[in-house]
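Structure first, commentary second.
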Amino acid sequence: MSPSSGVPIAAVQAMQEQRYADAIPTLEAFCRTAPKGKAYFQAQVWLVKAYKATGARDQAIALCQQMRRSHQPQIQAWAEQALAFLAADSSQASEAAATTETQSNHSSGSGKPSSAQSATAAPSTIPKARRSKQRGVKLAMKGVASNLTLASGVTLVLLCGMVLAATLNLLLIQGADDPTSGLISAILITIIFNLAMFLLGPTIMDLVQKLIYDTRWVSLSEIEGHSPESAKVIRRVCQQHHIQTPRLGIIDDENPTAFTYGSFPNSARLVVSQGLFTYLDDDEAATVYAHELGHIVHWDFAVMTLASTLVQVCYLIYTYARAIADQLGDSDSAKKVKGGIQSAVILAYIFYIVGEYLLLYLSRTREYYADHFAAEVTGNPNGLSRALVKIAYGILEEGKRSDKPSKVLQGTRALGISDPRSASMTGTAYRVAAEPEKVGRVFLWDMFNPWAGWMELNSTHPLTGKRVRALTTYAEQLGLDSEFDMARMIREGRTLNKRKLYGSFMLDILLFWVEWLGGLAGLALGIALLKSGTIQLFVLPPMLMLLGFGIGLLLKIWVMYPSLHRAPEMDVLLLMSDPYASPLRGKPVQLAGQIIGRGDSGSRFGSDLKLQDPTGLIYLHYASRFGPLGNFLFGMSQAASFINQEVAVTGWFRRGVMPWVDMTLMTCPNKWNVSSHHRFWALLLAIGAIILAFTLPVLIPT
């Protein structure tokens, strides 16, 4: 039974047709008399949305506060988020938060606020731009991404070639009596295995969905109960492209995500988490469904299924070939076989690494095309931009409430609509969504910093800033205002100091390896001097190698950890808005905020922490002078005691896909101060190498 099956038909139709004023009386009457079940909860959710749509925010807030007193955690969580979204101005946000805290404390009998309440005030809702009344308009995407068909074809051809080559080596056809039969066997094995995995992969994934994520397979009417516009989009797309309705699933997890898998469009699976409906409005959820339907229409979900299989085959060949080699003896025939197996091991591992990057490239390309499809189908590119930002915010919010990592986000990272690793940056953007120009500045790094492209090579998804930029161009083609004002940010980006951006990047690439480059340079110089006869000292090459290594490492430390004297007071938003930020060059900062959890929510003894200030969230990286053991002891004995405490932090800010601060000092008025020592072991190693270089002639007499 769908959750809306008990709701009056008149109310269902009114909500589907967005006649919110007509739906309110029917829903109110139903809520007064209906038993408290799924239909009752659905009616309450719709009533909140209807109140909001008609401007009756006070009634919506009052109903959410009533729902907040429910004994069901799912309803409580939904009400908390709805209250956050309804906080259109600071006074309303304060009133809602205060009322919620009073009710929660009264019901629990405790004077301590809940973990959700201890966070900073919720952000204002994103001011929505209008959407196009036309759907199906062809939108140009020149310069947004490479051709999807070409990317898919090249990836599959290369991966098939890699698997074939690795299989040939594994079968040792070079040393076989009949190489032709070996070649035929290798081809047949490759074709049969790939075909079997292509056909059976979705069934295996279905079992995984049930066993690990407890996915519920639902009807389209249940999706309609959660998001009427999403159901309309599913029906329209399937009818226009002559495909069957995908098998629809819902995972009872509040981390918002969506993904698609399968072998053929008519047997595809489209799964979302419950959090998608919790954090997104109806039109935003519809754009997410349209995005996932784009994967089905383009067949790229099937290509990804096959490509992922091929990469895993390379890894399996590498793993099992090593195991076989270890089991062989030392006879002459065994040595011959070992030679062939070692060749297979090397090839398979190289192909696995290359295949991983090919797969990531294909994954990023298909996301651009799915975004483009969603914009065309819904006429609402702004809705998808908003959805991407809200999904990141939802992931952050759920991370605060759980001390365990989300199995859904971990297991479906490559398939999901966005990369959860970039959530902290995009979630920060949502906290300032009422000021679109500030949101754009957060995305400047994504679009213009060369480090962004470097980091993106290891990402399953394009950086969010680049996706929002592409969606903004679609909005402009439809004659719509853009909510995030990316055009102005692009103009600002073009005025950035290119020498500072690219010059620092090239230098930083060298600095990443400067200690090893210094060691190699010293070794080469020592060998050259020794051969020239200028200096007859046998230990000269290793001396200069150690000296070059030590000096290079000292230089790297100096760049990575500049002086913290007069480190400026900053907030997370200002740090995120720096387009010149680097993962190597530390920026001295002072931050103040609240510790809301461990950096890795799934690590029971993790030493890293998460700090949240009024503008966003950032990770704090701790380093003990006693190395990994000291990190473990801090995580086991002290880290948890700082959660929900107000702290001040001094350290070095760094920016990657996931920004963080290498803290050197954390002060907490209610606890004690914590010192962190990121430079300690590097300095010890550098100084030790230099001292050893000068004492080497004494230790090794010539």
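All residue names refer to the structure tokens as shown: chains lettered A, B, ... in order, residues numbered from 1 in each chain, ligands numbered from 1 in order.
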
Residue contacts of region 459-471 of chain A (7 Å, only C-alpha atoms) excluding same-chain residues fewer than 4 positions away, as a PyMOL selection string: chain A and resi 144+360+363-364+367-368+381-382+385+414+418-419+443+446-447+475+486

Take the selection from the previous step and output its residues with N, CA and C atoms, as a PDB file, in the first residue's frame.
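Done, and the output landed in again27.pdb:
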ATOM      1  N   VAL A 144      31.061  22.029 -22.762  1.00  0.00           N
ATOM      2  CA  VAL A 144      30.759  21.565 -21.416  1.00  0.00           C
ATOM      3  C   VAL A 144      31.463  20.256 -21.110  1.00  0.00           C
ATOM      4  N   LEU A 360      36.869   6.784 -14.428  1.00  0.00           N
ATOM      5  CA  LEU A 360      36.546   8.072 -13.801  1.00  0.00           C
ATOM      6  C   LEU A 360      36.233   9.130 -14.859  1.00  0.00           C
ATOM      7  N   SER A 363      32.836   8.420 -16.205  1.00  0.00           N
ATOM      8  CA  SER A 363      31.835   8.748 -15.192  1.00  0.00           C
ATOM      9  C   SER A 363      31.563  10.251 -15.155  1.00  0.00           C
ATOM     10  N   ARG A 364      32.616  11.062 -15.229  1.00  0.00           N
ATOM     11  CA  ARG A 364      32.418  12.516 -15.205  1.00  0.00           C
ATOM     12  C   ARG A 364      31.687  12.992 -16.460  1.00  0.00           C
ATOM     13  N   GLU A 367      27.932  12.345 -16.346  1.00  0.00           N
ATOM     14  CA  GLU A 367      27.199  13.218 -15.425  1.00  0.00           C
ATOM     15  C   GLU A 367      26.824  14.535 -16.103  1.00  0.00           C
ATOM     16  N   TYR A 368      27.722  15.081 -16.908  1.00  0.00           N
ATOM     17  CA  TYR A 368      27.394  16.305 -17.647  1.00  0.00           C
ATOM     18  C   TYR A 368      26.201  16.068 -18.576  1.00  0.00           C
ATOM     19  N   PRO A 381      16.719  24.005 -15.154  1.00  0.00           N
ATOM     20  CA  PRO A 381      18.128  23.798 -14.775  1.00  0.00           C
ATOM     21  C   PRO A 381      18.465  24.390 -13.423  1.00  0.00           C
ATOM     22  N   ASN A 382      17.788  25.475 -13.051  1.00  0.00           N
ATOM     23  CA  ASN A 382      18.037  26.062 -11.728  1.00  0.00           C
ATOM     24  C   ASN A 382      17.637  25.091 -10.619  1.00  0.00           C
ATOM     25  N   SER A 385      20.489  22.693 -10.114  1.00  0.00           N
ATOM     26  CA  SER A 385      21.587  23.374  -9.401  1.00  0.00           C
ATOM     27  C   SER A 385      21.280  23.426  -7.910  1.00  0.00           C
ATOM     28  N   ALA A 414      30.356   5.912  -6.769  1.00  0.00           N
ATOM     29  CA  ALA A 414      30.561   6.086  -8.206  1.00  0.00           C
ATOM     30  C   ALA A 414      29.248   6.204  -8.955  1.00  0.00           C
ATOM     31  N   SER A 418      26.031  12.723  -6.926  1.00  0.00           N
ATOM     32  CA  SER A 418      27.138  13.631  -6.601  1.00  0.00           C
ATOM     33  C   SER A 418      28.143  12.898  -5.730  1.00  0.00           C
ATOM     34  N   ASP A 419      29.364  13.442  -5.667  1.00  0.00           N
ATOM     35  CA  ASP A 419      30.424  12.837  -4.876  1.00  0.00           C
ATOM     36  C   ASP A 419      30.318  13.342  -3.435  1.00  0.00           C
ATOM     37  N   PHE A 443      32.477  28.735  -5.571  1.00  0.00           N
ATOM     38  CA  PHE A 443      32.733  27.886  -6.733  1.00  0.00           C
ATOM     39  C   PHE A 443      33.865  28.412  -7.618  1.00  0.00           C
ATOM     40  N   ASP A 446      36.676  25.861  -8.000  1.00  0.00           N
ATOM     41  CA  ASP A 446      36.336  24.742  -8.889  1.00  0.00           C
ATOM     42  C   ASP A 446      36.592  25.084 -10.346  1.00  0.00           C
ATOM     43  N   MET A 447      36.271  26.310 -10.730  1.00  0.00           N
ATOM     44  CA  MET A 447      36.268  26.671 -12.143  1.00  0.00           C
ATOM     45  C   MET A 447      37.613  27.165 -12.652  1.00  0.00           C
ATOM     46  N   ALA A 475      20.155  27.668 -18.288  1.00  0.00           N
ATOM     47  CA  ALA A 475      19.142  28.623 -17.836  1.00  0.00           C
ATOM     48  C   ALA A 475      19.147  29.872 -18.716  1.00  0.00           C
ATOM     49  N   MET A 486      26.452  32.791 -11.744  1.00  0.00           N
ATOM     50  CA  MET A 486      27.743  32.263 -12.156  1.00  0.00           C
ATOM     51  C   MET A 486      28.388  33.111 -13.250  1.00  0.00           C
TER      52      MET A 486
END

Please provide as a PDB file with N, CA and C atoms, in the first residue's frame all residues within 6 Å of region 576-591 of chain A, with the sequence filter that same-chain residues fewer than 3 positions apart are discarded (counting only C-alpha atoms).
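Result file is out-v5.pdb:
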ATOM      1  N   ARG A 441      31.227  32.737  -5.351  1.00  0.00           N
ATOM      2  CA  ARG A 441      32.632  32.855  -4.957  1.00  0.00           C
ATOM      3  C   ARG A 441      33.166  31.537  -4.405  1.00  0.00           C
ATOM      4  N   VAL A 442      32.325  30.765  -3.747  1.00  0.00           N
ATOM      5  CA  VAL A 442      32.751  29.454  -3.259  1.00  0.00           C
ATOM      6  C   VAL A 442      33.140  28.556  -4.420  1.00  0.00           C
ATOM      7  N   LEU A 444      34.444  29.552  -7.294  1.00  0.00           N
ATOM      8  CA  LEU A 444      35.535  30.089  -8.109  1.00  0.00           C
ATOM      9  C   LEU A 444      36.710  29.111  -8.193  1.00  0.00           C
ATOM     10  N   TRP A 445      37.029  28.478  -7.073  1.00  0.00           N
ATOM     11  CA  TRP A 445      38.154  27.543  -7.042  1.00  0.00           C
ATOM     12  C   TRP A 445      37.902  26.391  -8.001  1.00  0.00           C
ATOM     13  N   VAL A 559      57.489  26.010   2.914  1.00  0.00           N
ATOM     14  CA  VAL A 559      56.366  26.407   2.055  1.00  0.00           C
ATOM     15  C   VAL A 559      55.038  25.918   2.625  1.00  0.00           C
ATOM     16  N   MET A 560      55.017  24.683   3.109  1.00  0.00           N
ATOM     17  CA  MET A 560      53.764  24.098   3.589  1.00  0.00           C
ATOM     18  C   MET A 560      53.297  24.706   4.902  1.00  0.00           C
ATOM     19  N   TYR A 561      54.237  25.114   5.745  1.00  0.00           N
ATOM     20  CA  TYR A 561      53.883  25.582   7.087  1.00  0.00           C
ATOM     21  C   TYR A 561      54.517  26.948   7.351  1.00  0.00           C
ATOM     22  N   LEU A 564      52.906  31.304  11.725  1.00  0.00           N
ATOM     23  CA  LEU A 564      51.549  31.573  12.209  1.00  0.00           C
ATOM     24  C   LEU A 564      51.475  32.875  12.992  1.00  0.00           C
ATOM     25  N   ALA A 567      48.412  35.283  12.500  1.00  0.00           N
ATOM     26  CA  ALA A 567      47.461  34.571  11.635  1.00  0.00           C
ATOM     27  C   ALA A 567      46.110  35.263  11.725  1.00  0.00           C
ATOM     28  N   PRO A 568      45.500  35.633  10.597  1.00  0.00           N
ATOM     29  CA  PRO A 568      44.251  36.396  10.626  1.00  0.00           C
ATOM     30  C   PRO A 568      43.064  35.555  11.088  1.00  0.00           C
ATOM     31  N   GLU A 569      42.103  36.215  11.716  1.00  0.00           N
ATOM     32  CA  GLU A 569      40.855  35.553  12.075  1.00  0.00           C
ATOM     33  C   GLU A 569      39.981  35.453  10.827  1.00  0.00           C
ATOM     34  N   MET A 570      39.534  34.257  10.524  1.00  0.00           N
ATOM     35  CA  MET A 570      38.762  34.008   9.311  1.00  0.00           C
ATOM     36  C   MET A 570      37.509  33.215   9.667  1.00  0.00           C
ATOM     37  N   LEU A 573      33.551  30.437   5.236  1.00  0.00           N
ATOM     38  CA  LEU A 573      33.131  30.969   3.939  1.00  0.00           C
ATOM     39  C   LEU A 573      34.248  31.759   3.272  1.00  0.00           C
ATOM     40  N   ALA A 648      38.541  27.512  19.718  1.00  0.00           N
ATOM     41  CA  ALA A 648      39.270  28.387  18.795  1.00  0.00           C
ATOM     42  C   ALA A 648      40.457  27.593  18.262  1.00  0.00           C
ATOM     43  N   VAL A 649      40.690  27.684  16.971  1.00  0.00           N
ATOM     44  CA  VAL A 649      41.705  26.849  16.317  1.00  0.00           C
ATOM     45  C   VAL A 649      42.669  27.732  15.544  1.00  0.00           C
ATOM     46  N   THR A 650      43.954  27.432  15.664  1.00  0.00           N
ATOM     47  CA  THR A 650      44.992  28.065  14.853  1.00  0.00           C
ATOM     48  C   THR A 650      45.667  26.987  14.018  1.00  0.00           C
ATOM     49  N   GLY A 651      45.884  27.276  12.732  1.00  0.00           N
ATOM     50  CA  GLY A 651      46.511  26.270  11.877  1.00  0.00           C
ATOM     51  C   GLY A 651      46.665  26.755  10.457  1.00  0.00           C
ATOM     52  N   TRP A 652      46.831  25.808   9.534  1.00  0.00           N
ATOM     53  CA  TRP A 652      47.064  26.118   8.122  1.00  0.00           C
ATOM     54  C   TRP A 652      45.917  25.558   7.284  1.00  0.00           C
ATOM     55  N   PHE A 653      45.254  26.419   6.562  1.00  0.00           N
ATOM     56  CA  PHE A 653      44.154  26.006   5.694  1.00  0.00           C
ATOM     57  C   PHE A 653      44.690  25.477   4.374  1.00  0.00           C
ATOM     58  N   ARG A 654      44.096  24.369   3.906  1.00  0.00           N
ATOM     59  CA  ARG A 654      44.444  23.790   2.604  1.00  0.00           C
ATOM     60  C   ARG A 654      43.163  23.465   1.859  1.00  0.00           C
ATOM     61  N   ARG A 655      43.233  23.540   0.532  1.00  0.00           N
ATOM     62  CA  ARG A 655      42.045  23.321  -0.287  1.00  0.00           C
ATOM     63  C   ARG A 655      42.276  22.208  -1.303  1.00  0.00           C
ATOM     64  N   GLY A 656      41.456  21.198  -1.244  1.00  0.00           N
ATOM     65  CA  GLY A 656      41.402  20.157  -2.254  1.00  0.00           C
ATOM     66  C   GLY A 656      39.946  19.909  -2.574  1.00  0.00           C
TER      67      GLY A 656
END

Computed interatomic separation between CA of Thr472 (chain A) and CA of Ala375 (chain A) (Å): 10.0 Å

Selected residue of minimal separation from Leu478 (chain A) among A:Gly201, A:Gly379, A:Gly533, A:Gly275, counting only C-alpha atoms: A:Gly379

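The residue that comes closest to Arg235 (chain A), out of A:Leu699, A:Leu220, A:Met455, A:Ile417 and on the basis of only C-alpha atoms, is A:Leu220.
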